[in-house]
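Peer 1: I have a structure here, written as structure tokens, and I will follow up with some questions on it.
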Amino acid sequence: MSQLAVLLEVSSPKPGNVNREAGFSDSSFRHFLASAAAMGRGIHLAASRGTLAAAGELGLSEIGIGEAILTTVLDVFTRLNRSNTILGTILLHAPLATAMGACAYESGGIRPRELRAWIQRTVNATTVEDTLNVYRALRTVMPRGDRHKATSAWTEFHARYDIENPHVLENVKNDRMTLHALFKASARVDRVSREWADGFETVIETLWPALRESLHGLEDAEEAIVDLFICQLAEEPDGHIANRAGIEAAEYVMQAARDVIASTENREVRIRDLDTVLRSRGNELNPGSTEDLVSAAVFCRLVEIEMPA
């Protein structure tokens with residue numbers, strides 16, 4: 001279901017994102033297809049570890065969510081596909097898969113409250129080795145964009161754990177920095193980190209319930225995904241845009257998405273106009289963080305449809 005979520009999400013014509021009709025110079029629809037095809041082993045590892053933890057055969061600190069993330073990243077980005085396509089998605093799907101595995105073992109399906117409880121237990125029990133494995137994964141991809149380093153939210157602490165710091169792995173070991181502590185401290189400068197720190201609040205409490213009302217199968221998936229994407233884009237400045245083009249650009253895009261929602265006529269034309277604006281500066285205005293959150297919510301909804309609790 002994780003792979004299907006990525007395929008459905010990228011296939012939908014969301015404004016400013018890669019989809020089956022549009023791409024960028026460094027990433028295209030086929031790169032995302034390759035990414036989805038290659039991510040199965042790592043996500044399966046995450047889910048199986050969650051099942052073992054729920055069965056009492058594995059301690060929470062032994063789940064190894066960092067290993068699952070690293071496995072997925074290595075499979076996705078070191079073979080046919082060298083384009084940074086779904087890194088944020090992997091960082092969200094892996095803990096979700098772990099929690100889903102646990103919930104499926106306990107009740108045969110997933111419910112928001114139980115899923116979030118298992119995510120929080122998994123995240124709270126992360127180790128230093130999990131952190132090191134995630135850094136190894138990040139260094140494989142080396143995500144671009146550093147506008148956040150010029151903001152007041154960026155501190156000496158963040159510089160100490162910056163992926164580009166040559167001593168970062170040594171710092172993690174010396175400081176005994178767990179993955180939970182790292183993401184909690186990074187929540188102000190990174191959207192995926194904030195979701196980890198908040199126990200996946202946005203994905204589970206906001207986006208997933210919205211999809212429950214609009215996504216009931218493959219027939220209505222595209223419209224539901226596009227609508228959810230625009231609603232989330234209108235809710236807060238996209239982290240990927242802020243990191244690449246600055247917070248002012250991200251706020252401008254947020255307002256543009258609000259204008260689309262507020263319009264009562266020619267909505268499809270307004271969505272196309274928004275898409276044109278977002279593509280006017282290459283992929284600087286690509287709402288990648290919003291895409292990651294929506295993909296995670298689609299993952300939840302698909303599993304819920306297949307395994308109702």
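How things are named: the first chain in the structure tokens is A, the next is B, and so on; residues count from 1 in each chain; ligands count from 1 in the order shown.
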For segment 245-260 of chain A, please output as number ranges by chain all residues within 9 Å (counting only C-alpha atoms; exclusion window: fewer than 2 positions along the same chain).
Peer 2: A: 145, 147-148, 230-243, 262-264, 267-268, 270-271, 274, 277-278, 284-285, 287
Peer 1: Need to verify the contact set: segment 167-179 of chain A, 8 Å, only C-alpha atoms, exclusion of same-chain residues closer than 6 positions in sequence. Can you return it as a list of chain:residue names?
Peer 2: A:Val123, A:Thr126, A:Thr127, A:Val128, A:Glu129, A:Asp130, A:Thr131, A:Leu132, A:Tyr135, A:Arg160, A:Tyr161
Peer 1: Going by DSSP on the backbone, which bits of segment 3-246 of chain A are strand (DSSP E or B)? Write them as number ranges by chain, please.
Peer 2: A: 19, 22, 24, 27, 110
Peer 1: Would you output that residue set with C-alpha atoms, as a compact mmCIF listing (two decimals), in the first residue's frame?
Peer 2:
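Wrote selection23.txt, looks like this:
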# COMPACT_ATOMS: atom_id res chain seq x y z
CA ASN A 19 2.96 14.11 -12.29
CA ALA A 22 4.68 17.32 -16.19
CA PHE A 24 11.34 19.06 -14.05
CA SER A 27 13.14 14.60 -12.01
CA ILE A 110 -5.79 0.47 11.82
Peer 1: Taking only segment 126-261 of chain A into account, list the residues labelled alpha helix (DSSP H) by DSSP (computed from the backbone), as number ranges by chain.
Peer 2: A: 128-141, 156-160, 168-175, 179-185, 191-197, 201, 208-214, 221-235, 239-245, 247-261
Peer 1: Do a neighbour search on segment 66-72 of chain A at 7 Å with only C-alpha atoms, toss out local chain neighbours closer than 5 positions, and write the hits as a short mmCIF file (atom, residue, chain, number, x, y, z; two decimals) with C-alpha atoms, in the first residue's frame.
Peer 2:
data_model
loop_
_atom_site.label_atom_id
_atom_site.label_comp_id
_atom_site.auth_asym_id
_atom_site.auth_seq_id
_atom_site.Cartn_x
_atom_site.Cartn_y
_atom_site.Cartn_z
CA MET A 39 10.86 1.05 -1.92
CA ARG A 41 11.79 -4.04 0.75
CA GLY A 42 12.53 -1.29 3.27
CA ILE A 43 8.88 -0.53 3.99
CA LEU A 45 11.10 -4.36 6.92
CA ALA A 46 9.54 -1.51 8.89
CA ILE A 90 10.20 7.61 3.00
CA LEU A 91 10.84 9.41 6.30
CA ALA A 94 8.62 4.08 7.38
CA ASP A 130 18.76 5.00 14.36
CA THR A 131 20.08 8.55 14.06
CA ASN A 133 21.44 5.30 9.94
CA VAL A 134 19.19 8.21 8.99
CA ARG A 136 23.76 7.71 6.29
CA ALA A 137 20.53 7.75 4.30
#
Peer 1: Quick one: distance from atom CA of Glu306 of chain A to atom CA of Gly101 of chain A in Å, one decimal?
Peer 2: 13.4 Å
Peer 1: For Ser2 of chain A, which of A:Thr290, A:Ser295, A:Thr51, A:Ser107 is the closest residue, counting only C-alpha atoms?
Peer 2: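 With only C-alpha atoms as the atom set, the closest residue is A:Ser295.
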